[in-house]
Amino acid sequence: MNTAINNTMSEIAKETYQTVGKPLLDSPKMSIKNTNVFYGAKQAIFDVNLDVGHNQVISMIGPSGCGKSTFLRCLNRMNDTIDICRVDGQLMLDDLNIYDKKVDVVELRARVGMVFQKPNPFPKSIYENVAYGARIHGLTDNKVELDELVEKSLQRCGLWKEVKDRLDEPATGLSGGQQQRLCIARAIAVNPEVILMDEPCSALDPIATATVEELIHELSENFTICIVTHSMQQAARVSQRTAYFHLGKLIEVNDTSTVFTNPEHKLTEEYITGRIG
Amino acid sequence: MSKSVRVGGHISRQFDEELDEIRSRVLKMGGLVEVQLDKVLDALRDGESSPIIDIEKVDDEINDLEMQIDEECTQILARRHPAAGDLRLIIATTKSVRDLERIGDEAQRVADMVRHAMDRDASKKAFKGLLSLTEHVKEFLHETLNTYARMKTRNAVKIMRRDQEIDSEYSRVVRRLIEFMKKDPENIADGLDVMWAARSLERIGDHCINICENVIYLVEGQDIRHQNVDEVKEQLS
């Protein structure tokens, strides 16, 4: 990118702005206020205000480098693992301030689980992948209870029938789509309240993608889901609300139907119609 | 009424070209519908039916264009997954094309009725008022096509307001025809032909209104159907 464009982009990045649409909700599950994220001296997220509703799916879309994944990772403090990353602002999960020093990050991540772009099963059996979280979080050590939990989690992810006869086999032997659903089963086994998904289908074929999308729809009855996706069609299919990020700013949040038929902000319109990317 | 729709500027230039192609075909279709009404006007001015003899050929072209545009819109929906303004353009276009095709059918019907009456040597009194109504409807259609081409909400609202003028003129023509037919039962056949023609012209006005509503949906993203013009203006302001 040449210097002139760089300068223009940094000017855009510095100007003050207001998120258009409906970023705030009554009694949200998560409430993010005046949040900024820095990598060293570079600011990646600018003054984001956003509520996430109970048992709702919210999609975060935007061009590469817009900060949507960075923002997602703030929601269960995954950014803590990056030394130069600094987050300021108020990020609440119900009444819990996520960045309060007293917060146990392991417990937080049990409440706010995460599914990554690439399926990342542990190099253990299918059974152990699901049971592992419950064990380390002290949910249960009882074999019968663990069996029930593993079966229930795999059933909720539509994987039980496919794997029930090979629970002791390595999870890495499953197909990509099955592995991703196993990772989702692993995430829900610890009974989280929120599930963060960072491009969960980008490594999957269309059939596996459709299966995971159907799963997201079913899980949204019991869980709050935040999904980062590069596929606008996926955002349109799976989410009730859509948030559009651009150069670290939250430009627009609206009902998904509004965003994809009549967005309020010109930048949102340009992105979803393929004029910027 | 400050929004505007941008048709070009996609990263995919091919997509820009596809949308341009659809728009130019719609305008071509509109041009053919205007040709149909021009032929009717020529016949009414000359007092003889020869200008409308080959009007079916124009209607065939209109029908072909309708199918081509529908196919192109289907391809874009399937392959491009349009969103926002692009999606509204496709939806507004498929609806407008249907209206244009029906305008073509109505113009054909007007031509048939006029030819039918003329071939029977109908009294000139029967046609009184029909020329003026046709001229107004033709102008109305022309303005509507301009509004689609320029995507101007303000113009669309202006045209919608003028629909009452067409309706009033149609009512005057009908009242005159009733008087004409009352005077002598021999006039009834001629009077009914002209009445059907006038009715079709009034329907063309209604289809123009539909196209204007589609333009407003396309530009503003608002569905303003089944509202009166003042409500529409207030909603858009």
# chains A, B, ... in the order shown; residues from 1 in each chain; ligands from 1

$ interface_residues --of "chain B" --to "chain A" --cutoff "6 Å" --atoms "only C-alpha atoms" --output "ChimeraX atom specification"
/B:9-11,83-84,221

$ atom_distance --atom1 "atom CA of A:Ile45" --atom2 "atom CA of A:Arg73"
11.7 Å

$ atom_distance --atom1 "atom CA of A:Asn129" --atom2 "atom CA of A:Ile188"
11.6 Å

$ residues_around --residues "A:Ser175" --least-positions-apart "5" --cutoff "10 Å" --atoms "only C-alpha atoms" --output "PyMOL selection string"
chain A and resi 119+180-181+204+208

$ residues_around --residues "stretch 228-230 of chain A" --least-positions-apart "2" --cutoff "7 Å" --atoms "only C-alpha atoms" --output "PyMOL selection string"
chain A and resi 59-61+68-69+197-199+226+232+235

$ closest_residue --among "A:Thr224, A:Ser27, A:Ser153, A:Thr211" --to "A:Met114" --atoms "only C-alpha atoms"
A:Thr224

$ residues_around --residues "B:Arg150" --least-positions-apart "4" --cutoff "12 Å" --atoms "only C-alpha atoms" --output "list in words"
Ser4, Val5, Arg6, Val7, Arg23, Ser24, Leu27, Glu143, Thr144, Leu145, Asn146, Arg154, Asn155, Ala156, Cys212, Val215, Ile216, Leu218 and Val219 of chain B

$ select_by_dssp --residues "stretch 105-136 of chain A" --states "helix (DSSP H, G or I)" --output "list in words"
Val105, Val106, Glu107, Leu108, Arg109, Ala110, Arg111, Ile126, Tyr127, Glu128, Asn129, Val130, Ala131, Tyr132, Gly133, Ala134, Arg135 and Ile136 of chain A

$ write_last_selection --atoms "C-alpha atoms" --output "PDB file, in the first residue's frame"
ATOM      1  CA  VAL A 105      -9.233 -16.090  33.377  1.00  0.00           C
ATOM      2  CA  VAL A 106      -9.671 -19.875  33.320  1.00  0.00           C
ATOM      3  CA  GLU A 107     -13.102 -19.529  34.898  1.00  0.00           C
ATOM      4  CA  LEU A 108     -13.936 -16.697  32.515  1.00  0.00           C
ATOM      5  CA  ARG A 109     -13.068 -18.875  29.531  1.00  0.00           C
ATOM      6  CA  ALA A 110     -15.320 -21.598  30.899  1.00  0.00           C
ATOM      7  CA  ARG A 111     -18.166 -19.074  30.804  1.00  0.00           C
ATOM      8  CA  ILE A 126     -12.799 -38.265  20.815  1.00  0.00           C
ATOM      9  CA  TYR A 127     -14.125 -38.999  24.312  1.00  0.00           C
ATOM     10  CA  GLU A 128     -11.223 -37.275  26.050  1.00  0.00           C
ATOM     11  CA  ASN A 129     -11.558 -34.168  23.897  1.00  0.00           C
ATOM     12  CA  VAL A 130     -15.052 -33.597  25.230  1.00  0.00           C
ATOM     13  CA  ALA A 131     -14.441 -34.785  28.771  1.00  0.00           C
ATOM     14  CA  TYR A 132     -11.204 -32.854  29.257  1.00  0.00           C
ATOM     15  CA  GLY A 133     -12.749 -29.436  29.902  1.00  0.00           C
ATOM     16  CA  ALA A 134     -15.282 -30.795  32.360  1.00  0.00           C
ATOM     17  CA  ARG A 135     -12.494 -32.484  34.295  1.00  0.00           C
ATOM     18  CA  ILE A 136     -10.143 -29.510  34.519  1.00  0.00           C
TER      19      ILE A 136
END

$ closest_residue --among "B:Asp121, B:Glu213, B:Glu139, B:Glu220" --to "B:Asn187" --atoms "only C-alpha atoms"
B:Asp121

$ select_by_dssp --residues "stretch 46-179 of chain A" --states "strand (DSSP E)" --output "PyMOL selection string"
chain A and resi 46-52+57-61+85-93+96-97+112-115

$ closest_residue --among "A:Lys164, A:Lys118, A:Lys249, A:His137" --to "A:Ala203" --atoms "only C-alpha atoms"
A:Lys118

$ atom_distance --atom1 "atom CA of A:Glu214" --atom2 "atom CA of B:Arg79"
22.6 Å

$ decode --residues "stretch 47-78 of chain B" --atoms "N, CA and C atoms" --output "PDB file, in the first residue's frame"
ATOM      1  N   GLY B  47     -56.509   9.458 -37.781  1.00  0.00           N
ATOM      2  CA  GLY B  47     -57.869   8.943 -37.959  1.00  0.00           C
ATOM      3  C   GLY B  47     -57.920   7.683 -38.789  1.00  0.00           C
ATOM      4  N   GLU B  48     -56.803   6.969 -38.846  1.00  0.00           N
ATOM      5  CA  GLU B  48     -56.839   5.681 -39.559  1.00  0.00           C
ATOM      6  C   GLU B  48     -55.860   4.688 -38.916  1.00  0.00           C
ATOM      7  N   SER B  49     -56.145   3.399 -39.090  1.00  0.00           N
ATOM      8  CA  SER B  49     -55.492   2.384 -38.243  1.00  0.00           C
ATOM      9  C   SER B  49     -54.165   1.856 -38.778  1.00  0.00           C
ATOM     10  N   SER B  50     -53.707   2.341 -39.952  1.00  0.00           N
ATOM     11  CA  SER B  50     -52.490   1.728 -40.520  1.00  0.00           C
ATOM     12  C   SER B  50     -51.256   1.794 -39.585  1.00  0.00           C
ATOM     13  N   PRO B  51     -51.043   2.859 -38.797  1.00  0.00           N
ATOM     14  CA  PRO B  51     -49.833   2.859 -37.950  1.00  0.00           C
ATOM     15  C   PRO B  51     -49.810   1.727 -36.926  1.00  0.00           C
ATOM     16  N   ILE B  52     -50.987   1.170 -36.591  1.00  0.00           N
ATOM     17  CA  ILE B  52     -50.978   0.145 -35.530  1.00  0.00           C
ATOM     18  C   ILE B  52     -51.091  -1.282 -36.074  1.00  0.00           C
ATOM     19  N   ILE B  53     -50.910  -1.405 -37.396  1.00  0.00           N
ATOM     20  CA  ILE B  53     -51.060  -2.743 -37.979  1.00  0.00           C
ATOM     21  C   ILE B  53     -50.026  -3.732 -37.436  1.00  0.00           C
ATOM     22  N   ASP B  54     -48.776  -3.272 -37.341  1.00  0.00           N
ATOM     23  CA  ASP B  54     -47.710  -4.219 -36.952  1.00  0.00           C
ATOM     24  C   ASP B  54     -47.314  -4.094 -35.477  1.00  0.00           C
ATOM     25  N   ILE B  55     -48.236  -3.629 -34.655  1.00  0.00           N
ATOM     26  CA  ILE B  55     -47.888  -3.378 -33.249  1.00  0.00           C
ATOM     27  C   ILE B  55     -47.584  -4.676 -32.480  1.00  0.00           C
ATOM     28  N   GLU B  56     -48.118  -5.811 -32.964  1.00  0.00           N
ATOM     29  CA  GLU B  56     -47.847  -7.084 -32.273  1.00  0.00           C
ATOM     30  C   GLU B  56     -46.359  -7.413 -32.265  1.00  0.00           C
ATOM     31  N   LYS B  57     -45.677  -6.997 -33.346  1.00  0.00           N
ATOM     32  CA  LYS B  57     -44.231  -7.303 -33.413  1.00  0.00           C
ATOM     33  C   LYS B  57     -43.499  -6.618 -32.256  1.00  0.00           C
ATOM     34  N   VAL B  58     -43.914  -5.392 -31.963  1.00  0.00           N
ATOM     35  CA  VAL B  58     -43.285  -4.658 -30.855  1.00  0.00           C
ATOM     36  C   VAL B  58     -43.569  -5.385 -29.550  1.00  0.00           C
ATOM     37  N   ASP B  59     -44.808  -5.848 -29.411  1.00  0.00           N
ATOM     38  CA  ASP B  59     -45.161  -6.563 -28.179  1.00  0.00           C
ATOM     39  C   ASP B  59     -44.323  -7.830 -28.024  1.00  0.00           C
ATOM     40  N   ASP B  60     -44.078  -8.512 -29.144  1.00  0.00           N
ATOM     41  CA  ASP B  60     -43.228  -9.720 -29.086  1.00  0.00           C
ATOM     42  C   ASP B  60     -41.826  -9.377 -28.586  1.00  0.00           C
ATOM     43  N   GLU B  61     -41.303  -8.258 -29.097  1.00  0.00           N
ATOM     44  CA  GLU B  61     -39.955  -7.840 -28.646  1.00  0.00           C
ATOM     45  C   GLU B  61     -39.949  -7.534 -27.153  1.00  0.00           C
ATOM     46  N   ILE B  62     -41.025  -6.879 -26.712  1.00  0.00           N
ATOM     47  CA  ILE B  62     -41.138  -6.545 -25.280  1.00  0.00           C
ATOM     48  C   ILE B  62     -41.151  -7.825 -24.440  1.00  0.00           C
ATOM     49  N   ASN B  63     -41.940  -8.801 -24.896  1.00  0.00           N
ATOM     50  CA  ASN B  63     -42.020 -10.067 -24.143  1.00  0.00           C
ATOM     51  C   ASN B  63     -40.669 -10.775 -24.103  1.00  0.00           C
ATOM     52  N   ASP B  64     -39.949 -10.739 -25.235  1.00  0.00           N
ATOM     53  CA  ASP B  64     -38.610 -11.366 -25.265  1.00  0.00           C
ATOM     54  C   ASP B  64     -37.684 -10.682 -24.271  1.00  0.00           C
ATOM     55  N   LEU B  65     -37.734  -9.344 -24.263  1.00  0.00           N
ATOM     56  CA  LEU B  65     -36.863  -8.608 -23.335  1.00  0.00           C
ATOM     57  C   LEU B  65     -37.209  -8.926 -21.888  1.00  0.00           C
ATOM     58  N   GLU B  66     -38.500  -9.053 -21.606  1.00  0.00           N
ATOM     59  CA  GLU B  66     -38.903  -9.376 -20.233  1.00  0.00           C
ATOM     60  C   GLU B  66     -38.238 -10.676 -19.795  1.00  0.00           C
ATOM     61  N   MET B  67     -38.279 -11.682 -20.669  1.00  0.00           N
ATOM     62  CA  MET B  67     -37.703 -12.978 -20.309  1.00  0.00           C
ATOM     63  C   MET B  67     -36.176 -12.902 -20.190  1.00  0.00           C
ATOM     64  N   GLN B  68     -35.560 -12.132 -21.095  1.00  0.00           N
ATOM     65  CA  GLN B  68     -34.089 -11.990 -21.013  1.00  0.00           C
ATOM     66  C   GLN B  68     -33.680 -11.321 -19.705  1.00  0.00           C
ATOM     67  N   ILE B  69     -34.384 -10.246 -19.363  1.00  0.00           N
ATOM     68  CA  ILE B  69     -34.021  -9.514 -18.132  1.00  0.00           C
ATOM     69  C   ILE B  69     -34.256 -10.385 -16.904  1.00  0.00           C
ATOM     70  N   ASP B  70     -35.376 -11.107 -16.895  1.00  0.00           N
ATOM     71  CA  ASP B  70     -35.645 -12.008 -15.767  1.00  0.00           C
ATOM     72  C   ASP B  70     -34.531 -13.039 -15.617  1.00  0.00           C
ATOM     73  N   GLU B  71     -34.084 -13.584 -16.746  1.00  0.00           N
ATOM     74  CA  GLU B  71     -33.017 -14.584 -16.712  1.00  0.00           C
ATOM     75  C   GLU B  71     -31.714 -13.966 -16.168  1.00  0.00           C
ATOM     76  N   GLU B  72     -31.414 -12.753 -16.640  1.00  0.00           N
ATOM     77  CA  GLU B  72     -30.189 -12.093 -16.161  1.00  0.00           C
ATOM     78  C   GLU B  72     -30.274 -11.799 -14.669  1.00  0.00           C
ATOM     79  N   CYS B  73     -31.442 -11.381 -14.210  1.00  0.00           N
ATOM     80  CA  CYS B  73     -31.614 -11.116 -12.772  1.00  0.00           C
ATOM     81  C   CYS B  73     -31.455 -12.414 -11.976  1.00  0.00           C
ATOM     82  N   THR B  74     -32.012 -13.498 -12.506  1.00  0.00           N
ATOM     83  CA  THR B  74     -31.889 -14.796 -11.815  1.00  0.00           C
ATOM     84  C   THR B  74     -30.420 -15.199 -11.711  1.00  0.00           C
ATOM     85  N   GLN B  75     -29.688 -15.004 -12.813  1.00  0.00           N
ATOM     86  CA  GLN B  75     -28.259 -15.346 -12.811  1.00  0.00           C
ATOM     87  C   GLN B  75     -27.503 -14.525 -11.779  1.00  0.00           C
ATOM     88  N   ILE B  76     -27.828 -13.249 -11.690  1.00  0.00           N
ATOM     89  CA  ILE B  76     -27.129 -12.394 -10.714  1.00  0.00           C
ATOM     90  C   ILE B  76     -27.460 -12.832  -9.286  1.00  0.00           C
ATOM     91  N   LEU B  77     -28.726 -13.148  -9.043  1.00  0.00           N
ATOM     92  CA  LEU B  77     -29.095 -13.614  -7.695  1.00  0.00           C
ATOM     93  C   LEU B  77     -28.335 -14.894  -7.351  1.00  0.00           C
ATOM     94  N   ALA B  78     -28.246 -15.795  -8.334  1.00  0.00           N
ATOM     95  CA  ALA B  78     -27.599 -17.092  -8.078  1.00  0.00           C
ATOM     96  C   ALA B  78     -26.088 -16.961  -7.944  1.00  0.00           C
TER      97      ALA B  78
END
